[in-house]
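Colleague: File upload.cif follows (mmCIF, C-alpha atoms):
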data_coords
loop_
_atom_site.label_atom_id
_atom_site.label_comp_id
_atom_site.auth_asym_id
_atom_site.auth_seq_id
_atom_site.Cartn_x
_atom_site.Cartn_y
_atom_site.Cartn_z
CA SER A 207 144.24 105.73 62.70
CA ALA A 208 142.92 102.78 64.68
CA HIS A 209 143.77 99.13 64.13
CA PRO A 210 141.75 96.41 65.95
CA PHE A 211 143.49 93.18 67.06
CA ASP A 212 142.01 89.78 67.85
CA LYS A 213 140.79 89.28 71.39
CA ASN A 214 143.49 88.07 73.73
CA LYS A 215 143.26 84.94 75.82
CA ALA A 216 141.48 86.74 78.57
CA GLY A 217 138.89 87.87 76.01
CA GLN A 218 139.90 91.54 76.15
CA ARG A 219 139.57 93.63 73.00
CA ARG A 220 142.77 95.35 71.92
CA VAL A 221 143.04 98.28 69.58
CA LEU A 222 146.20 99.95 68.36
CA VAL A 223 145.62 103.67 68.01
CA THR A 224 148.17 105.83 66.16
CA ALA A 225 148.00 109.58 66.51
CA VAL A 226 150.27 111.91 64.59
CA ASP A 227 150.75 115.44 65.79
CA ARG A 228 150.52 117.52 62.61
CA THR A 229 150.66 120.86 64.38
CA ASP A 230 154.25 121.44 63.29
CA SER A 231 153.81 120.45 59.68
CA ILE A 232 150.68 122.58 59.34
CA ARG A 233 152.44 125.47 61.02
CA LEU A 234 155.37 125.02 58.63
CA ARG A 235 153.04 124.94 55.65
CA ASN A 236 151.27 128.10 56.80
CA GLU A 237 154.61 129.78 57.42
CA ARG A 238 155.72 128.83 53.94
CA ILE A 239 152.58 130.39 52.46
CA ARG A 240 153.03 133.54 54.55
CA PHE A 241 156.68 133.66 53.53
CA ALA A 242 155.81 133.34 49.85
CA GLU A 243 153.23 136.10 50.27
CA SER A 244 155.68 138.39 52.02
CA ILE A 245 158.31 137.75 49.34
CA ALA A 246 155.74 138.60 46.70
CA GLU A 247 154.90 141.80 48.58
CA THR A 248 158.57 142.71 49.03
CA GLN A 249 159.23 142.04 45.38
CA LYS A 250 156.30 144.22 44.45
CA ILE A 251 157.66 147.10 46.54
CA GLU A 252 161.16 146.54 45.15
CA ALA A 253 159.76 146.45 41.64
CA ILE A 254 157.92 149.73 42.23
CA ASN A 255 161.07 151.37 43.66
CA SER A 256 163.17 150.07 40.84
CA PHE A 257 160.56 151.10 38.33
CA ALA A 258 160.32 154.63 39.74
CA GLY A 259 164.11 155.00 39.49
CA SER A 260 164.21 153.63 35.95
CA LEU A 261 161.31 155.74 34.78
CA ALA A 262 162.92 158.87 36.28
CA HIS A 263 166.17 158.00 34.51
CA GLU A 264 164.53 157.38 31.14
CA LEU A 265 162.35 160.46 31.25
CA SER A 266 165.05 162.80 32.54
CA ASN A 267 167.30 161.63 29.70
CA LEU A 268 164.54 162.53 27.26
CA MET A 269 163.73 165.86 28.88
CA GLN A 270 167.36 166.99 28.92
CA PRO A 271 167.66 167.39 25.13
CA ILE A 272 164.20 168.99 24.98
CA SER A 273 165.07 171.75 27.45
CA GLY A 274 168.63 172.09 26.16
CA TYR A 275 167.76 172.47 22.48
CA ALA A 276 164.77 174.70 23.25
CA LYS A 277 167.09 177.12 25.01
CA LEU A 278 169.70 176.94 22.25
CA LEU A 279 166.95 177.70 19.73
CA ALA A 280 166.17 180.90 21.61
CA GLY A 281 169.69 182.09 20.75
CA LYS A 282 171.37 182.52 17.38
CA VAL A 283 171.28 179.32 15.32
CA SER A 284 171.69 178.56 11.64
CA ASP A 285 168.73 177.25 9.64
CA GLU A 286 170.35 173.86 9.54
CA GLN A 287 170.88 173.79 13.32
CA GLN A 288 167.32 174.96 13.84
CA LYS A 289 165.95 172.04 11.82
CA GLU A 290 168.18 169.57 13.59
CA TYR A 291 167.38 170.82 17.10
CA LEU A 292 163.63 170.84 16.41
CA ALA A 293 163.82 167.29 15.06
CA ARG A 294 165.63 166.16 18.20
CA ILE A 295 163.04 167.79 20.45
CA ASN A 296 160.32 166.06 18.45
CA GLN A 297 162.05 162.66 18.68
CA ALA A 298 162.56 162.94 22.43
CA THR A 299 158.95 163.94 23.03
CA LEU A 300 157.61 161.02 20.98
CA ALA A 301 159.96 158.58 22.74
CA ALA A 302 158.69 159.83 26.11
CA GLY A 303 155.13 159.30 24.89
CA ARG A 304 155.87 155.69 23.94
CA ILE A 305 157.33 154.99 27.37
CA LEU A 306 154.33 156.56 29.10
CA ARG A 307 151.84 154.51 27.07
CA ARG A 308 153.65 151.28 27.88
CA THR A 309 153.84 152.32 31.51
CA LEU A 310 150.08 152.68 31.56
CA SER A 311 149.60 149.21 30.13
CA MET A 312 151.91 147.87 32.84
CA SER A 313 149.79 149.13 35.72
CA TYR A 314 147.73 146.42 37.34
CA GLY A 315 144.01 146.01 37.75
CA ASN A 316 142.80 147.12 34.36
CA SER A 317 139.53 145.24 34.64
CA SER A 318 137.54 147.18 32.07
CA SER A 319 137.29 144.16 29.76
CA GLU A 320 135.81 140.83 30.73
CA ALA A 321 138.26 138.58 32.57
CA ARG A 322 137.41 135.42 30.66
CA THR A 323 139.27 134.14 27.64
CA ASP A 324 139.06 130.97 25.57
CA ILE A 325 142.80 130.59 25.82
CA SER A 326 143.12 127.57 23.49
CA THR A 327 141.54 129.57 20.66
CA LEU A 328 143.35 132.83 21.48
CA VAL A 329 146.80 131.21 21.59
CA ASP A 330 146.02 129.33 18.39
CA GLU A 331 144.93 132.53 16.60
CA THR A 332 147.94 134.48 17.86
CA ILE A 333 150.33 131.75 16.70
CA GLN A 334 148.58 131.63 13.30
CA ALA A 335 149.19 135.36 12.94
CA ALA A 336 152.80 134.93 14.06
CA ARG A 337 153.24 132.12 11.49
CA ASP A 338 151.95 134.37 8.72
CA LEU A 339 154.53 137.00 9.63
CA ALA A 340 157.40 134.63 10.38
CA PRO A 341 160.33 134.22 8.01
CA ASP A 342 160.69 130.75 6.46
CA GLY A 343 163.19 129.50 9.03
CA LEU A 344 160.91 130.07 12.00
CA ILE A 345 158.62 127.20 12.96
CA TYR A 346 155.89 127.16 15.61
CA GLU A 347 154.88 123.83 17.16
CA THR A 348 151.78 123.85 19.29
CA ASN A 349 149.96 121.57 21.66
CA LEU A 350 147.06 123.63 22.89
CA GLY A 351 144.29 121.30 24.03
CA GLN A 352 140.73 122.47 23.58
CA GLY A 353 138.27 124.70 25.35
CA LEU A 354 140.53 125.85 28.17
CA THR A 355 139.28 129.08 29.76
CA ALA A 356 141.57 131.50 31.53
CA ALA A 357 140.43 134.16 34.00
CA CYS A 358 142.02 137.14 32.26
CA PRO A 359 141.07 139.71 29.60
CA SER A 360 141.88 138.51 26.08
CA GLY A 361 143.61 141.73 24.99
CA GLU A 362 146.05 141.57 27.88
CA LEU A 363 146.72 137.87 27.34
CA ARG A 364 147.46 138.48 23.67
CA GLN A 365 149.93 141.21 24.64
CA VAL A 366 151.74 138.97 27.14
CA LEU A 367 151.91 136.16 24.59
CA LEU A 368 153.21 138.45 21.84
CA ASN A 369 155.87 139.94 24.11
CA VAL A 370 157.19 136.49 25.05
CA LEU A 371 156.95 135.17 21.46
CA ASN A 372 158.78 138.22 20.09
CA ASN A 373 161.61 137.69 22.54
CA ALA A 374 161.82 134.00 21.63
CA ALA A 375 161.95 134.76 17.90
CA GLU A 376 164.61 137.45 18.36
CA ALA A 377 166.70 135.25 20.66
CA MET A 378 166.74 132.61 17.90
CA HIS A 379 167.51 135.15 15.18
CA TYR A 380 164.23 134.11 13.53
CA SER A 381 165.40 130.59 12.82
CA GLY A 382 164.43 127.37 14.61
CA THR A 383 161.43 126.00 16.45
CA VAL A 384 159.30 127.66 19.11
CA ARG A 385 157.15 125.21 21.08
CA VAL A 386 153.97 126.41 22.73
CA SER A 387 151.85 124.18 24.93
CA LEU A 388 148.82 124.57 27.16
CA THR A 389 147.77 122.31 30.02
CA PHE A 390 145.18 122.39 32.79
CA GLU A 391 146.59 122.00 36.29
CA GLN A 392 144.74 121.47 39.54
CA SER A 393 147.59 122.50 41.81
CA PRO A 394 149.88 125.52 41.88
CA PRO A 395 153.34 125.14 40.33
CA ASP A 396 155.83 123.19 42.41
CA GLY A 397 159.43 124.05 43.05
CA ASN A 398 159.16 127.81 42.55
CA ASP A 399 160.09 130.42 45.14
CA LEU A 400 156.92 132.26 44.31
CA LEU A 401 153.35 131.08 44.18
CA PRO A 402 150.77 132.74 41.98
CA PRO A 403 148.62 135.08 44.09
CA GLY A 404 145.44 133.51 42.63
CA GLU A 405 143.74 130.22 43.50
CA PRO A 406 144.03 126.95 41.55
CA PRO A 407 143.13 125.47 39.14
CA PHE A 408 145.49 127.04 36.61
CA VAL A 409 145.98 127.09 32.90
CA HIS A 410 149.69 126.52 32.32
CA LEU A 411 151.19 128.03 29.18
CA THR A 412 154.73 127.05 28.22
CA ILE A 413 156.82 128.73 25.52
CA GLU A 414 160.16 127.14 24.70
CA ASP A 415 162.76 128.45 22.28
CA GLU A 416 166.03 127.25 20.79
CA GLY A 417 167.96 130.46 21.42
CA PRO A 418 171.14 130.77 23.50
CA GLY A 419 169.19 130.55 26.77
CA LEU A 420 169.55 132.91 29.72
CA SER A 421 172.82 133.75 31.46
CA PRO A 422 172.54 134.06 35.26
CA ASP A 423 172.93 137.84 34.93
CA VAL A 424 170.14 138.09 32.38
CA GLN A 425 167.90 135.70 34.31
CA GLY A 426 168.09 137.85 37.43
CA ARG A 427 167.10 141.04 35.64
CA LEU A 428 164.89 139.73 32.84
CA PHE A 429 161.65 141.15 34.23
CA ASP A 430 163.17 144.46 35.38
CA PRO A 431 161.69 147.47 33.61
CA PHE A 432 164.02 148.94 30.98
CA PHE A 433 166.34 145.92 31.09
CA THR A 434 167.15 144.88 27.55
CA THR A 435 169.83 142.86 25.79
CA LYS A 436 168.74 144.18 22.43
CA ARG A 437 170.63 146.76 20.43
CA VAL A 438 170.06 150.40 21.30
CA GLY A 439 166.79 151.51 19.77
CA ARG A 440 165.50 147.97 19.25
CA GLY A 441 163.93 147.26 22.59
CA THR A 442 162.46 149.48 25.27
CA GLY A 443 163.11 146.84 27.92
CA LEU A 444 159.46 146.93 28.91
CA GLY A 445 158.06 143.85 27.12
CA LEU A 446 158.66 141.30 29.87
CA ALA A 447 158.05 143.83 32.66
CA VAL A 448 154.65 144.44 31.09
CA ALA A 449 154.08 140.67 30.81
CA GLN A 450 154.91 140.21 34.48
CA GLY A 451 152.72 143.13 35.57
CA LEU A 452 149.70 141.85 33.66
CA THR A 453 150.18 138.20 34.68
CA THR A 454 150.50 139.09 38.36
CA GLY A 455 147.42 141.29 38.03
CA TRP A 456 145.38 138.25 36.93
CA GLY A 457 146.55 136.29 39.98
CA GLY A 458 149.00 134.35 37.84
CA LEU A 459 152.75 133.86 37.67
CA ILE A 460 155.39 134.07 34.95
CA THR A 461 158.81 132.48 35.27
CA ALA A 462 161.81 132.15 32.98
CA ASP A 463 164.34 129.36 33.01
CA ASN A 464 166.79 127.48 30.84
CA ARG A 465 165.79 124.21 29.18
CA THR A 466 168.04 121.28 29.97
CA THR A 467 168.50 120.79 26.22
CA GLY A 468 169.44 124.43 25.59
CA GLY A 469 167.29 127.47 24.91
CA ALA A 470 164.97 129.31 27.25
CA ARG A 471 161.52 128.46 28.53
CA PHE A 472 158.82 130.73 29.86
CA ASP A 473 156.10 129.31 32.07
CA ILE A 474 152.91 131.24 32.65
CA TRP A 475 150.22 130.15 35.10
CA ILE A 476 146.85 131.85 34.85
CA PRO A 477 143.85 131.08 37.09
CA ALA A 478 141.50 128.84 35.08
CA ILE A 479 137.72 128.99 34.89
CA ASP A 480 136.34 125.48 35.27
CA GLY A 481 133.89 124.26 32.64
CA MET B 184 187.91 178.08 26.38
CA ALA B 185 188.19 174.49 27.49
CA LYS B 186 188.04 171.01 26.03
CA ILE B 187 185.51 168.83 27.84
CA LEU B 188 185.00 165.06 27.67
CA ILE B 189 181.31 164.10 27.98
CA ILE B 190 180.78 160.58 29.33
CA ASP B 191 177.13 159.60 28.98
CA ASP B 192 175.77 156.42 27.41
CA ASP B 193 172.69 158.27 26.16
CA ALA B 194 173.69 159.79 22.82
CA ALA B 195 170.83 162.34 22.83
CA VAL B 196 171.89 163.69 26.24
CA ALA B 197 175.59 163.68 25.35
CA GLY B 198 174.70 165.44 22.09
CA VAL B 199 172.76 168.29 23.69
CA MET B 200 175.45 168.84 26.33
CA ALA B 201 178.04 169.05 23.54
CA ALA B 202 175.85 171.56 21.66
CA ILE B 203 175.47 173.72 24.78
CA LEU B 204 179.22 173.70 25.49
CA LYS B 205 180.12 174.42 21.87
CA GLU B 206 177.65 177.30 21.73
CA ALA B 207 179.43 178.77 24.75
CA GLY B 208 182.74 178.48 22.92
CA HIS B 209 184.08 175.28 24.50
CA GLU B 210 185.25 172.21 22.70
CA ALA B 211 183.36 169.00 23.50
CA VAL B 212 184.06 165.33 22.81
CA THR B 213 181.35 162.77 23.55
CA ALA B 214 182.00 159.20 24.67
CA THR B 215 178.81 157.12 24.74
CA THR B 216 180.50 153.70 25.00
CA GLU B 217 183.17 152.18 27.20
CA ALA B 218 185.43 151.76 24.16
CA ALA B 219 185.08 155.40 23.13
CA ARG B 220 185.82 156.52 26.67
CA GLU B 221 188.93 154.38 26.94
CA GLN B 222 190.06 155.69 23.58
CA ALA B 223 189.60 159.29 24.71
CA LEU B 224 191.30 158.69 28.06
CA ARG B 225 194.44 157.37 26.42
CA ALA B 226 195.41 161.02 26.27
CA PRO B 227 193.64 162.59 29.26
CA GLU B 228 195.97 165.59 29.15
CA LEU B 229 194.05 166.74 26.05
CA PHE B 230 191.04 167.50 28.25
CA ASP B 231 190.48 170.19 30.84
CA GLY B 232 187.61 168.40 32.51
CA ALA B 233 184.85 165.83 32.15
CA ILE B 234 181.11 165.50 32.59
CA VAL B 235 180.15 162.06 33.87
CA ASP B 236 176.69 160.52 34.00
CA VAL B 237 176.04 158.39 37.07
CA TRP B 238 174.11 155.71 35.26
CA LEU B 239 176.09 154.30 32.33
CA GLY B 240 173.99 151.27 31.48
CA LYS B 241 175.88 148.29 32.88
CA GLU B 242 178.65 150.47 34.25
CA ASP B 243 178.75 152.60 37.36
CA GLY B 244 179.45 156.21 36.41
CA LEU B 245 180.68 156.98 39.90
CA GLN B 246 183.39 154.35 39.49
CA VAL B 247 184.36 155.92 36.20
CA ALA B 248 184.50 159.31 37.94
CA GLY B 249 186.68 157.77 40.64
CA SER B 250 189.11 156.57 37.98
CA LEU B 251 189.39 160.14 36.59
CA ARG B 252 190.49 161.23 40.02
CA GLN B 253 193.26 158.59 39.99
CA LEU B 254 194.81 160.06 36.84
CA SER B 255 197.87 162.20 37.22
CA PRO B 256 197.14 164.98 37.15
CA PRO B 257 193.52 164.18 38.13
CA LEU B 258 190.88 165.21 35.61
CA PRO B 259 188.24 167.38 37.30
CA PHE B 260 184.65 166.38 36.68
CA VAL B 261 181.01 167.31 37.08
CA ILE B 262 178.54 164.54 37.90
CA VAL B 263 175.13 164.52 36.24
CA SER B 264 172.30 162.23 37.25
CA GLY B 265 168.77 161.50 36.27
CA GLY B 266 168.11 158.72 38.75
CA GLY B 267 168.20 155.02 38.12
CA PRO B 268 166.83 151.81 39.53
CA GLY B 269 167.50 151.11 43.18
CA ARG B 270 169.27 154.38 44.00
CA SER B 271 168.16 157.45 45.82
CA LEU B 272 169.46 160.85 44.79
CA GLU B 273 170.80 161.29 48.33
CA MET B 274 172.95 158.15 47.98
CA VAL B 275 174.33 159.28 44.66
CA THR B 276 175.03 162.80 45.91
CA ALA B 277 176.84 161.50 48.99
CA ARG B 278 179.08 159.28 46.87
CA ALA B 279 179.70 162.02 44.33
CA ASP B 280 180.78 164.31 47.19
CA ALA B 281 183.07 161.63 48.55
CA LEU B 282 184.66 161.28 45.13
CA GLY B 283 185.37 165.00 45.05
CA ALA B 284 182.89 166.02 42.38
CA ARG B 285 182.77 169.81 42.25
CA THR B 286 179.13 169.96 41.28
CA MET B 287 176.25 167.59 40.91
CA LEU B 288 173.57 168.32 38.33
CA TYR B 289 170.17 166.69 38.19
CA LYS B 290 168.62 166.15 34.78
CA PRO B 291 166.90 167.99 33.34
CA PHE B 292 169.12 170.94 34.21
CA ASP B 293 169.25 174.37 32.61
CA ASN B 294 171.92 175.14 30.01
CA ASP B 295 173.26 177.90 32.27
CA GLU B 296 173.54 175.46 35.17
CA LEU B 297 175.69 173.22 33.03
CA LEU B 298 177.89 176.10 31.93
CA SER B 299 178.39 177.45 35.44
CA ALA B 300 179.14 173.94 36.73
CA VAL B 301 181.82 173.64 34.05
CA GLU B 302 183.22 177.08 34.92
CA GLU B 303 183.39 176.10 38.57
CA MET B 304 185.08 172.84 37.68
CA LEU B 305 187.71 174.66 35.62
CA ALA B 306 188.39 177.40 38.18
CA PRO B 307 191.78 177.21 39.93
CA GLU B 308 191.76 175.28 43.19
CA ASP B 309 192.14 178.29 45.52
CA ILE B 310 189.02 180.08 44.42
CA ARG B 311 186.83 176.99 44.40
CA ARG B 312 184.02 176.78 46.94
#
Would you write out, as structure tokens, the structure that this file holds?
Modeller:
Amino acid sequence: SAHPFDKNKAGQRRVLVTAVDRTDSIRLRNERIRFAESIAETQKIEAINSFAGSLAHELSNLMQPISGYAKLLAGKVSDEQQKEYLARINQATLAAGRILRRTLSMSYGNSSSEARTDISTLVDETIQAARDLAPDGLIYETNLGQGLTAACPSGELRQVLLNVLNNAAEAMHYSGTVRVSLTFEQSPPDGNDLLPPGEPPFVHLTIEDEGPGLSPDVQGRLFDPFFTTKRVGRGTGLGLAVAQGLTTGWGGLITADNRTTGGARFDIWIPAIDG
Amino acid sequence: MAKILIIDDDAAVAGVMAAILKEAGHEAVTATTEAAREQALRAPELFDGAIVDVWLGKEDGLQVAGSLRQLSPPLPFVIVSGGGPGRSLEMVTARADALGARTMLYKPFDNDELLSAVEEMLAPEDIRR
């Protein structure tokens, strides 16, 4: 910046010029972006490794009874045993099928449907449907704005929303208030280790519940495939992993945290389409 | 014929292993939870050996196997694994070896593989390996 002074007694013009060397701060900013990108990449690789291990574990546990009972059936078995073994083979095969279908929906880049959704309307409709199904004690409060457009396919967005809403309702034992809000934001989220891979502006979706919140152990593993706190048979542990896979695929970000007043909050940023 | 403790948190897998062992004339007890395992291990002398899954949900099966080795007399065991997040099979095998597992089985394994692993586990020390 330059600041002119009055002429001095000798009639000379004086100007104060201030120059700030921003090289370092720009370099730091660029390094921070590169760092965030490399963390995102590392996390992606870690997630794939972890996912491969989990998938192998789940499927091998399902294949074991199939091969074991098939071989036992080849020997001498009673009618009752035969029925039981066949039923177990059937159950294991169907369970493997469910895992495979959810795995497919978790893979990124499914761009077959148009990546443009009137998110205000879609969230409103989804909550309406959830209200219809909710027991009396479960209340949904919304603040959704109007006409916000998100750059993602509507089917995928509905799935992410349902997965997060289901978790909220279960965490609260279907009693209490779930708050859902939508805002338009020009800048990427502040104060997170990770930045969304996509460019601003973003639509910011917040879902807050009144459940017990997230213990540090749960918070660290929440988005891991096959991680579940639900009873055996109730959850596959893929809901939030699917939500994270889809959100990242849109260039967005999903985070989970505890509210200061108790309960958990999920924040989802999705690249917005302006106008 | 031997009495085998099956430690696997997956009830379907524990169930089929029990069926295979019973069909071969062994006795099998399954423990799919920590509580059931502790209950069973209050009288470890009732068992001739154990089958331990590496991945027991929150617990580390290899640690459980290590604790069987600390018993007196130690309870011999076979390790079974089907993979899990963040672990390579090589890592698991190396640790299972270090813990003195007689055999390591990778799911899905054949019924005969399970039975011969159990036979090997039960064989007297001098003819092992």
Colleague: Residues of stretch 215-295 of chain B that approach stretch 302-308 of chain B to 9 Å or less, counting all atoms listed in the file: could you list each one with the shortest pair of atoms and its distance in Å to one decimal, rows by chain and increasing residue number, as CSV?
Modeller:
residue,atom,partner,partner_atom,distance
B:Asp231,CA,B:Leu305,CA,7.1
B:Gly232,CA,B:Leu305,CA,7.0
B:Ala233,CA,B:Met304,CA,8.9
B:Pro259,CA,B:Met304,CA,6.3
B:Phe260,CA,B:Met304,CA,6.6
B:Val261,CA,B:Met304,CA,6.9
B:Ala284,CA,B:Met304,CA,8.6
B:Arg285,CA,B:Met304,CA,5.9
B:Thr286,CA,B:Met304,CA,7.5
Colleague: Mind dumping a table of every chain A residue within 6 Å of chain B, with the nearest atom pair and its distance in Å to one decimal, using all atoms listed in the file, sorted by chain and rising number, as CSV?
Modeller:
residue,atom,partner,partner_atom,distance
A:Ser256,CA,B:Pro268,CA,4.3
A:Gly259,CA,B:Pro268,CA,4.2
A:Ser260,CA,B:Gly267,CA,4.7
A:Ala262,CA,B:Gly266,CA,5.7
A:His263,CA,B:Gly265,CA,4.7
A:Ser266,CA,B:Lys290,CA,5.4
A:Met269,CA,B:Pro291,CA,5.9
A:Gln270,CA,B:Pro291,CA,4.6
A:Pro271,CA,B:Val199,CA,5.4
A:Gly274,CA,B:Asn294,CA,5.9
Colleague: For a test of reading the model, state the distance in Å between atom CA of A:Leu420 and atom CA of A:Leu452, rounded to one decimal.
Modeller: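 These two atoms are separated by 22.1 Å.
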Colleague: Can you tell me, as a ChimeraX atom specification, what residues are no more than 10 Å from B:Val235 when counting all atoms listed in the file, ignoring any on the same chain fewer than 6 positions away?
Modeller: /B:188-192,197,214,244-245,247-248,251,260-264,284,287
Colleague: So, with all atoms listed in the file as the atoms that count, which of B:Leu298, B:Leu229, B:Val237, B:Ala207 lies closest to B:Gly249?
Modeller: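 Of B:Leu298, B:Leu229, B:Val237, B:Ala207, the one nearest B:Gly249, counting all atoms listed in the file, is B:Val237.
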Colleague: Rounded to one decimal, what separation in Å do you get between atom CA of A:Leu368 and atom CA of A:Ala449?
Modeller: 9.3 Å
Colleague: Which residue gives the smallest distance to B:Ala300 among B:Glu228, B:Ala277, B:Glu217, B:Ile234, with all atoms listed in the file counted?
Modeller: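 Closest to B:Ala300 of all the choices is B:Ile234.
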